[in-house]
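Dropping data32.cif in here (mmCIF, C-alpha atoms):
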```cif
data_protein
#
loop_
_atom_site.label_atom_id
_atom_site.label_comp_id
_atom_site.auth_asym_id
_atom_site.auth_seq_id
_atom_site.Cartn_x
_atom_site.Cartn_y
_atom_site.Cartn_z
CA MET A 101 242.98 -0.49 -214.71
CA SER A 102 244.86 -0.44 -218.00
CA GLY A 103 248.00 -1.98 -219.38
CA HIS A 104 248.77 -5.46 -220.63
CA LEU A 105 249.96 -8.07 -218.16
CA ILE A 106 250.26 -11.38 -219.98
CA SER A 107 250.31 -12.42 -223.62
CA PHE A 108 248.78 -15.87 -224.08
CA THR A 109 247.16 -18.28 -226.51
CA LYS A 110 243.84 -19.97 -225.79
CA MET A 111 243.91 -23.59 -226.94
CA SER A 112 241.58 -26.57 -226.72
CA ALA A 113 242.24 -30.29 -227.11
CA GLY A 114 239.50 -32.88 -226.94
CA GLY A 115 237.32 -30.31 -225.18
CA ASN A 116 239.78 -29.35 -222.43
CA ASP A 117 240.66 -25.65 -222.76
CA PHE A 118 243.88 -24.03 -221.63
CA ILE A 119 245.62 -20.70 -221.23
CA VAL A 120 249.02 -21.30 -222.87
CA ILE A 121 251.90 -18.96 -222.04
CA ASP A 122 255.03 -19.02 -224.22
CA ASN A 123 258.11 -18.52 -222.06
CA VAL A 124 260.47 -19.86 -224.74
CA SER A 125 260.26 -16.65 -226.76
CA ALA A 126 260.62 -14.40 -223.73
CA PRO A 127 264.01 -12.80 -223.05
CA GLU A 128 266.03 -14.72 -220.47
CA GLY A 129 264.69 -14.10 -216.99
CA GLU A 130 261.51 -12.44 -218.25
CA GLY A 131 259.23 -15.48 -218.56
CA ILE A 132 255.82 -15.24 -216.92
CA ARG A 133 255.20 -17.57 -213.98
CA PRO A 134 251.83 -16.74 -212.39
CA ASP A 135 251.19 -17.71 -208.78
CA ALA A 136 248.32 -19.95 -207.66
CA GLU A 137 245.93 -17.08 -206.96
CA THR A 138 246.54 -15.55 -210.39
CA ILE A 139 245.93 -18.91 -212.04
CA ARG A 140 242.66 -19.36 -210.14
CA ARG A 141 241.50 -15.94 -211.27
CA LEU A 142 242.53 -16.41 -214.91
CA CYS A 143 240.69 -19.74 -215.06
CA ALA A 144 237.46 -18.37 -213.56
CA ARG A 145 234.79 -18.63 -216.24
CA ALA A 146 232.57 -15.60 -216.86
CA LEU A 147 234.94 -13.41 -214.83
CA SER A 148 238.22 -13.82 -216.69
CA VAL A 149 239.52 -15.86 -219.63
CA GLY A 150 238.22 -19.14 -218.19
CA ALA A 151 240.02 -22.46 -218.64
CA ASP A 152 240.57 -25.93 -217.21
CA GLY A 153 244.21 -25.05 -216.59
CA VAL A 154 247.28 -22.98 -217.39
CA ILE A 155 250.24 -24.29 -219.40
CA LEU A 156 253.69 -22.72 -219.36
CA ILE A 157 255.94 -23.66 -222.28
CA GLU A 158 259.51 -23.31 -221.03
CA PRO A 159 263.01 -23.83 -222.45
CA ALA A 160 264.41 -27.29 -221.68
CA ALA A 161 267.99 -28.47 -221.29
CA GLU A 162 267.54 -32.01 -222.66
CA ALA A 163 264.30 -31.73 -224.65
CA HIS A 164 262.88 -29.34 -227.22
CA VAL A 165 260.54 -27.69 -224.67
CA LYS A 166 259.33 -28.13 -221.12
CA MET A 167 255.66 -28.19 -220.11
CA VAL A 168 254.63 -26.90 -216.70
CA TYR A 169 250.95 -27.51 -215.99
CA PHE A 170 248.62 -26.03 -213.38
CA ASN A 171 245.01 -27.04 -212.78
CA SER A 172 242.41 -24.30 -212.49
CA ASP A 173 242.69 -24.39 -208.68
CA GLY A 174 246.30 -23.21 -208.99
CA GLY A 175 247.85 -26.56 -208.07
CA ARG A 176 250.66 -27.99 -210.18
CA ALA A 177 249.94 -31.38 -211.78
CA ALA A 178 252.43 -33.94 -213.09
CA LEU A 179 250.63 -34.48 -216.39
CA CYS A 180 247.72 -33.36 -218.53
CA GLY A 181 247.41 -35.49 -221.65
CA ASN A 182 245.33 -33.05 -223.65
CA GLY A 183 247.68 -30.29 -222.53
CA VAL A 184 250.67 -32.18 -223.95
CA ARG A 185 248.95 -32.21 -227.33
CA CYS A 186 248.55 -28.43 -227.15
CA VAL A 187 252.23 -28.02 -226.30
CA ALA A 188 253.22 -30.20 -229.25
CA ARG A 189 251.03 -28.19 -231.63
CA MET A 190 252.36 -24.85 -230.32
CA ALA A 191 255.97 -26.06 -230.44
CA ALA A 192 255.53 -27.05 -234.08
CA LEU A 193 253.71 -23.84 -235.07
CA ARG A 194 256.35 -21.62 -233.46
CA ARG A 195 259.22 -23.80 -234.71
CA PHE A 196 260.48 -24.62 -231.24
CA ALA A 197 260.64 -28.24 -232.41
CA PRO A 198 260.28 -30.23 -235.64
CA SER A 199 256.70 -31.35 -236.21
CA ASP A 200 257.77 -34.86 -237.25
CA GLY A 201 259.41 -35.62 -233.91
CA MET A 202 260.01 -33.77 -230.66
CA ARG A 203 260.72 -34.31 -226.98
CA ILE A 204 258.60 -32.60 -224.33
CA GLU A 205 259.77 -32.51 -220.73
CA THR A 206 256.98 -32.87 -218.13
CA ASP A 207 256.79 -33.54 -214.42
CA ALA A 208 255.85 -37.12 -215.36
CA GLY A 209 258.94 -37.61 -217.53
CA THR A 210 260.15 -36.64 -221.00
CA LEU A 211 257.73 -37.68 -223.74
CA ASP A 212 258.04 -38.29 -227.49
CA ALA A 213 255.52 -36.33 -229.55
CA ALA A 214 254.78 -35.25 -233.12
CA VAL A 215 252.17 -33.36 -235.13
CA GLU A 216 250.65 -34.96 -238.22
CA GLY A 217 248.76 -32.24 -240.09
CA ASP A 218 247.00 -30.45 -237.24
CA ARG A 219 246.61 -33.62 -235.14
CA PRO A 220 249.27 -34.04 -232.43
CA TRP A 221 250.14 -37.26 -230.65
CA PHE A 222 252.45 -38.21 -227.81
CA ARG A 223 253.72 -41.44 -226.30
CA LEU A 224 253.39 -42.12 -222.56
CA PRO A 225 255.49 -45.00 -221.17
CA LEU A 226 253.28 -46.84 -218.66
CA GLY A 227 255.65 -49.60 -217.60
CA VAL A 228 253.82 -52.66 -216.29
CA PRO A 229 250.29 -51.26 -215.89
CA ASP A 230 249.10 -50.51 -212.39
CA ALA A 231 245.39 -51.33 -212.83
CA ARG A 232 243.60 -52.62 -209.77
CA PRO A 233 239.92 -53.55 -209.37
CA ARG A 234 238.41 -51.67 -206.45
CA THR A 235 235.17 -52.02 -204.53
CA LEU A 236 234.38 -48.68 -202.90
CA GLN A 237 231.62 -48.19 -200.38
CA LEU A 238 229.93 -44.80 -200.34
CA GLU A 239 228.26 -44.12 -197.02
CA GLY A 240 224.89 -42.41 -197.15
CA THR A 241 223.87 -39.15 -195.52
CA LEU A 242 220.56 -37.34 -195.22
CA ASP A 243 220.91 -36.23 -198.85
CA GLU A 244 222.83 -39.18 -200.36
CA VAL A 245 222.13 -42.89 -200.52
CA SER A 246 224.65 -45.57 -199.59
CA ARG A 247 225.98 -47.57 -202.50
CA THR A 248 228.79 -49.85 -203.57
CA VAL A 249 230.80 -48.90 -206.66
CA GLN A 250 232.91 -51.31 -208.70
CA ALA A 251 235.85 -49.57 -210.38
CA VAL A 252 239.37 -49.98 -211.71
CA GLN A 253 242.11 -47.77 -210.30
CA VAL A 254 244.68 -46.95 -212.99
CA LEU A 255 247.84 -44.86 -212.96
CA ALA A 256 248.24 -43.03 -216.29
CA GLY A 257 250.70 -40.30 -215.35
CA VAL A 258 248.18 -39.32 -212.67
CA PRO A 259 245.71 -41.59 -210.81
CA HIS A 260 242.29 -42.37 -212.30
CA LEU A 261 239.26 -44.31 -211.15
CA VAL A 262 237.45 -45.92 -214.11
CA ILE A 263 233.80 -46.90 -213.66
CA GLU A 264 231.67 -48.61 -216.29
CA THR A 265 228.10 -47.40 -216.53
CA ARG A 266 225.17 -48.22 -218.80
CA ASP A 267 225.03 -44.84 -220.55
CA ALA A 268 227.87 -42.42 -219.79
CA ARG A 269 226.77 -39.94 -222.44
CA GLY A 270 223.20 -39.95 -221.12
CA MET A 271 224.17 -39.45 -217.47
CA SER A 272 222.64 -36.30 -216.08
CA GLY A 273 224.94 -33.74 -214.54
CA LYS A 274 223.09 -34.23 -211.26
CA GLU A 275 223.74 -37.98 -211.29
CA LEU A 276 227.42 -37.51 -212.11
CA MET A 277 227.91 -34.90 -209.40
CA ALA A 278 226.16 -37.11 -206.84
CA LEU A 279 228.90 -39.71 -207.31
CA ALA A 280 232.09 -38.18 -208.69
CA PRO A 281 233.14 -35.84 -205.83
CA ARG A 282 232.60 -38.61 -203.25
CA LEU A 283 234.66 -41.06 -205.29
CA ARG A 284 237.38 -38.51 -206.12
CA SER A 285 238.14 -38.07 -202.41
CA HIS A 286 237.32 -41.58 -201.20
CA PRO A 287 239.52 -42.41 -198.19
CA ASP A 288 240.54 -45.76 -199.70
CA LEU A 289 242.33 -43.87 -202.50
CA GLY A 290 244.73 -42.04 -200.19
CA PRO A 291 245.10 -38.34 -199.48
CA GLU A 292 245.48 -37.28 -203.13
CA GLY A 293 242.39 -39.13 -204.32
CA ALA A 294 241.91 -39.72 -208.05
CA ASN A 295 240.30 -38.39 -211.18
CA VAL A 296 237.01 -40.15 -211.95
CA ASP A 297 236.03 -41.47 -215.39
CA PHE A 298 232.60 -42.89 -216.23
CA ILE A 299 232.70 -44.98 -219.41
CA THR A 300 230.39 -47.01 -221.63
CA LEU A 301 231.73 -49.47 -224.19
CA ILE A 302 230.11 -48.98 -227.60
CA ASP A 303 232.06 -51.67 -229.47
CA ASP A 304 235.48 -53.34 -229.37
CA HIS A 305 237.25 -50.10 -230.33
CA THR A 306 234.98 -47.31 -229.06
CA LEU A 307 233.87 -45.99 -225.70
CA ASP A 308 232.00 -42.94 -224.42
CA ILE A 309 233.64 -41.14 -221.51
CA ARG A 310 232.72 -38.52 -218.92
CA CYS A 311 235.44 -37.08 -216.68
CA TYR A 312 235.61 -35.43 -213.27
CA GLU A 313 239.06 -33.99 -212.62
CA ARG A 314 241.04 -33.23 -209.50
CA GLY A 315 242.25 -29.65 -209.33
CA VAL A 316 239.31 -28.52 -211.43
CA GLU A 317 236.89 -30.19 -208.96
CA ALA A 318 234.23 -30.40 -211.63
CA GLU A 319 233.31 -32.30 -214.76
CA THR A 320 235.47 -31.39 -217.75
CA VAL A 321 234.58 -32.07 -221.37
CA SER A 322 237.51 -34.44 -221.73
CA SER A 323 240.65 -35.79 -220.08
CA GLY A 324 243.59 -37.10 -222.08
CA SER A 325 245.03 -39.15 -219.24
CA GLY A 326 241.47 -40.30 -218.48
CA CYS A 327 241.21 -41.66 -222.02
CA ILE A 328 244.49 -43.53 -221.57
CA ALA A 329 243.40 -44.94 -218.19
CA SER A 330 239.99 -45.99 -219.50
CA ALA A 331 241.37 -47.64 -222.64
CA LEU A 332 243.95 -49.48 -220.56
CA ALA A 333 241.30 -50.73 -218.10
CA VAL A 334 239.03 -52.23 -220.78
CA VAL A 335 241.84 -53.65 -222.93
CA LEU A 336 243.52 -55.38 -219.98
CA ALA A 337 240.15 -56.82 -218.99
CA GLY A 338 239.82 -58.32 -222.49
CA ARG A 339 236.70 -56.30 -223.23
CA ALA A 340 238.16 -54.08 -225.97
CA ALA A 341 241.13 -54.00 -228.32
CA SER A 342 243.65 -51.31 -229.22
CA PRO A 343 243.25 -48.75 -230.70
CA VAL A 344 240.39 -47.35 -228.64
CA SER A 345 238.49 -44.21 -229.66
CA CYS A 346 237.27 -42.26 -226.62
CA ARG A 347 234.27 -40.04 -227.40
CA SER A 348 233.65 -37.03 -225.16
CA ARG A 349 230.21 -35.59 -224.43
CA ALA A 350 231.04 -32.76 -226.87
CA GLY A 351 231.49 -35.28 -229.69
CA THR A 352 235.27 -34.92 -229.97
CA SER A 353 237.31 -38.13 -230.04
CA SER A 354 240.78 -39.00 -228.80
CA THR A 355 242.44 -42.23 -229.89
CA VAL A 356 244.52 -44.39 -227.55
CA THR A 357 246.87 -46.96 -229.06
CA LEU A 358 248.51 -49.37 -226.63
CA GLU A 359 251.94 -50.63 -227.67
CA PRO A 360 253.05 -53.83 -225.87
CA GLN A 361 256.64 -53.77 -224.64
CA GLU A 362 258.87 -56.36 -223.02
CA GLU A 363 257.91 -58.11 -219.78
CA GLY A 364 254.30 -56.95 -219.73
CA ALA A 365 254.97 -53.21 -220.09
CA PHE A 366 253.03 -50.87 -222.36
CA ASN A 367 253.37 -47.52 -224.06
CA ALA A 368 250.21 -45.50 -224.68
CA VAL A 369 249.99 -43.21 -227.72
CA LEU A 370 247.30 -40.53 -227.41
CA SER A 371 246.29 -38.66 -230.55
CA GLY A 372 243.61 -36.08 -231.26
CA ASP A 373 242.91 -32.45 -231.99
CA ALA A 374 244.69 -29.45 -230.50
CA ARG A 375 243.05 -26.23 -231.60
CA VAL A 376 244.40 -22.69 -231.51
CA ILE A 377 241.39 -20.60 -230.53
CA TYR A 378 242.97 -17.15 -230.27
CA THR A 379 246.05 -15.23 -229.17
CA ALA A 380 245.62 -12.14 -227.02
CA ALA A 381 247.00 -10.05 -224.17
CA LEU A 382 245.37 -9.85 -220.77
CA ASN A 383 244.50 -6.59 -219.10
CA ALA A 384 244.67 -6.05 -215.36
CA GLU A 385 240.87 -6.22 -215.21
CA ALA A 386 241.11 -9.93 -215.95
CA LEU A 387 242.45 -10.39 -212.41
CA SER A 388 240.39 -7.87 -210.49
CA GLY A 389 236.89 -7.29 -209.21
CA PHE A 390 236.03 -10.68 -207.72
CA ASP A 391 236.98 -12.97 -204.86
CA LEU A 392 237.88 -16.67 -205.02
#
```

Do you think you could lay out the structure here as structure tokens?
Amino acid sequence: MSGHLISFTKMSAGGNDFIVIDNVSAPEGEGIRPDAETIRRLCARALSVGADGVILIEPAAEAHVKMVYFNSDGGRAALCGNGVRCVARMAALRRFAPSDGMRIETDAGTLDAAVEGDRPWFRLPLGVPDARPRTLQLEGTLDEVSRTVQAVQVLAGVPHLVIETRDARGMSGKELMALAPRLRSHPDLGPEGANVDFITLIDDHTLDIRCYERGVEAETVSSGSGCIASALAVVLAGRAASPVSCRSRAGTSSTVTLEPQEEGAFNAVLSGDARVIYTAALNAEALSGFDL
């Protein structure tokens, strides 16, 4: 088949990659809003563009732009921290918003953001942190051993389960996948489950992190909200101090700065890279020729 369907920009932040669609520049009523099946196909690696998710940048009534985010399974998510950084960078590059201060509307609330050089940051109000120690029992099967996992459940826009391990960077993919999917859907976490972050403290201001994300249902190179949740867990436990640099398995780092507010509340500022990889137009073949 021939003919262009969708113009888009491929972006990456911290190692998460996204298909970013600009609906601000589109004539009124002509913005592109792909359905769940289209999103699943576009995000399929080796068969289409491939991505961890799809971001729509929309006009906003009371902010500079609105971010609508979909995971690679086609489901809409309230927040993607690394995705917010990409929106901030794109909004500054296309002059939708001033780089030294902008407001981005998300399903998790309207966020302050800015771009310093090519390094965006945004501020996420956390309120009084919801960080709860959890002891989760994983029942064994013929192929899996029973074990007890100590974790901290943290809400950072979306729910996360933070687990300290001896060597997060050195974990094999097999070891991670033997634990993460079972924890992500653990019945004690409720029907929505949680993202799962394995971390190792390197020093008072540095940790290594590995992330398994809902909606992607796989390990991703990074998670912005996972970095916020992990930094919050170790700082509240008195085991690290803000700012905390979160190092992904790809070597990229995102920095979390926790700003104390009144009555025990916090803001989290997440900063890091947001790269423009390329801008292109999809052909119909990007959506055809395979089943999901």

| message | Selection in question (the file shown): the PyMOL selection byres ((chain A and resi 300) around 6). Which residues does it include, as a ChimeraX atom specification? | response | /A:264-265,267-268,299,301,307-308

Select from stretch 249-349 of chain A every residue with an atom at most 10 Å from any atom of stretch 223-228 of chain A, then for each give the shortest pair of atoms and their distance in Å to one decimal, using only C-alpha atoms, rows by chain and rising number, as a tab-separated table.
```
residue	atom	partner	partner_atom	distance
A:Leu255	CA	A:Leu226	CA	8.1
A:Ala256	CA	A:Leu226	CA	6.7
A:Gly257	CA	A:Leu226	CA	7.8
A:Ser325	CA	A:Leu224	CA	9.5
A:Ile328	CA	A:Leu224	CA	9.1
A:Leu332	CA	A:Leu226	CA	9.9
```

| Residue nearest A:Cys346 among A:Phe118, A:Phe196, A:Phe298, A:Phe222 (counting all atoms listed in the file) |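 Ranking A:Phe118, A:Phe196, A:Phe298, A:Phe222 by distance to A:Cys346, first place goes to A:Phe298.
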
| So which residues get picked by the PyMOL selection byres ((chain A and resi 250) around 7) here, written as a list in words? | Arg234, Thr235, Leu236, Thr248, Val249, Ala251 and Ile263 of chain A

| request: Output the residue selection produced by the PyMOL selection byres ((chain A and resi 341-344) around 8) on the file above, formatted as a list in words. | output: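 Output of the PyMOL selection byres ((chain A and resi 341-344) around 8): Asp304, His305, Thr306, Leu307, Ala331, Val335, Gly338, Arg339, Ala340, Ser345, Cys346, Thr355, Val356, Thr357 and Leu358 of chain A.
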
Write the residues of the selection above to a file with C-alpha atoms, as a PDB file, in the coordinates of the input.
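Just written: out21.pdb:
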```pdb
ATOM      1  CA  ASP A 304     235.480 -53.340-229.370  1.00  0.00           C
ATOM      2  CA  HIS A 305     237.250 -50.100-230.330  1.00  0.00           C
ATOM      3  CA  THR A 306     234.980 -47.310-229.060  1.00  0.00           C
ATOM      4  CA  LEU A 307     233.870 -45.990-225.700  1.00  0.00           C
ATOM      5  CA  ALA A 331     241.370 -47.640-222.640  1.00  0.00           C
ATOM      6  CA  VAL A 335     241.840 -53.650-222.930  1.00  0.00           C
ATOM      7  CA  GLY A 338     239.820 -58.320-222.490  1.00  0.00           C
ATOM      8  CA  ARG A 339     236.700 -56.300-223.230  1.00  0.00           C
ATOM      9  CA  ALA A 340     238.160 -54.080-225.970  1.00  0.00           C
ATOM     10  CA  SER A 345     238.490 -44.210-229.660  1.00  0.00           C
ATOM     11  CA  CYS A 346     237.270 -42.260-226.620  1.00  0.00           C
ATOM     12  CA  THR A 355     242.440 -42.230-229.890  1.00  0.00           C
ATOM     13  CA  VAL A 356     244.520 -44.390-227.550  1.00  0.00           C
ATOM     14  CA  THR A 357     246.870 -46.960-229.060  1.00  0.00           C
ATOM     15  CA  LEU A 358     248.510 -49.370-226.630  1.00  0.00           C
TER      16      LEU A 358
END
```

What's around A:Ser112 at 6 Å? Count all atoms listed in the file, leave out sequence neighbours fewer than 4 positions away in its own chain, and write the answer as a compact mmCIF listing (two decimals) with C-alpha atoms, in the frame of the given file.
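For reference, around_5.txt as written:
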```txt
# COMPACT_ATOMS: atom_id res chain seq x y z
CA ASN A 116 239.78 -29.35 -222.43
CA ASP A 117 240.66 -25.65 -222.76
CA ALA A 374 244.69 -29.45 -230.50
CA ARG A 375 243.05 -26.23 -231.60
```

Could you build a table of the residues in stretch 171-272 of chain A lying no more than 12 Å from stretch 376-384 of chain A, giving for each the nearest pair of atoms and their separation in Å rounded to one decimal place, using all atoms listed in the file, ordered by chain and ascending residue number, as a tab-separated table?
```
residue	atom	partner	partner_atom	distance
A:Arg185	CA	A:Val376	CA	11.3
A:Cys186	CA	A:Val376	CA	8.3
A:Val187	CA	A:Val376	CA	10.8
A:Ala188	CA	A:Val376	CA	11.8
A:Arg189	CA	A:Val376	CA	8.6
A:Met190	CA	A:Val376	CA	8.3
A:Leu193	CA	A:Val376	CA	10.0
A:Asp218	CA	A:Val376	CA	10.0
A:Arg219	CA	A:Val376	CA	11.7
```

| said: Here is a test: counting all atoms listed in the file, which residue of A:Val321, A:Ala280, A:Ala163, A:Ala213 is nearest to A:Gly351? | reply: A:Val321

| task | Figure out the distance between atom CA of A:Pro229 and atom CA of A:Pro360, please, to one decimal in Å. | result |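 Distance between the two atoms: 10.7 Å.
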
Box dimensions and centre (Å, one decimal) enclosing stretch 109-127 of chain A, axis-aligned, 6 Å extra per side, as AutoDock Vina command-line options:
```
--center_x 250.7 --center_y -22.8 --center_z -224.2 --size_x 38.7 --size_y 32.1 --size_z 17.9
```

| query | Leaving out stretch 148-151 of chain A and any residue of its chain fewer than 4 positions from it, which residues lie within 9 Å of it when counting only C-alpha atoms, given as a PyMOL selection string? | reply | chain A and resi 110+116-119+141-144+171-172+382+385-388

| query | Do you have the atom CA of A:Tyr169-atom CA of A:Gly181 distance handy? | reply |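 Separation between atom CA of A:Tyr169 and atom CA of A:Gly181: 10.4 Å.
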
Within 10 Å of A:Asn123, counting all atoms listed in the file, which residues show up once you throw out same-chain ones fewer than 4 positions away? Write them as a CSV table (one decimal) with C-alpha atoms, in the frame of the given file, please.
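Output below, filename around-v4.csv:
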```csv
chain,number,residue,atom,x,y,z
A,108,PHE,CA,248.8,-15.9,-224.1
A,127,PRO,CA,264.0,-12.8,-223.0
A,128,GLU,CA,266.0,-14.7,-220.5
A,129,GLY,CA,264.7,-14.1,-217.0
A,130,GLU,CA,261.5,-12.4,-218.2
A,131,GLY,CA,259.2,-15.5,-218.6
A,132,ILE,CA,255.8,-15.2,-216.9
A,133,ARG,CA,255.2,-17.6,-214.0
A,156,LEU,CA,253.7,-22.7,-219.4
A,157,ILE,CA,255.9,-23.7,-222.3
A,158,GLU,CA,259.5,-23.3,-221.0
A,159,PRO,CA,263.0,-23.8,-222.4
A,165,VAL,CA,260.5,-27.7,-224.7
A,166,LYS,CA,259.3,-28.1,-221.1
```

| Of the candidates A:Ser285, A:Gly315, A:Ser246, A:Arg140, which shows the shortest atom-to-atom distance to A:Arg176, using all atoms listed in the file? |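 Closest to A:Arg176 of all the choices is A:Gly315.
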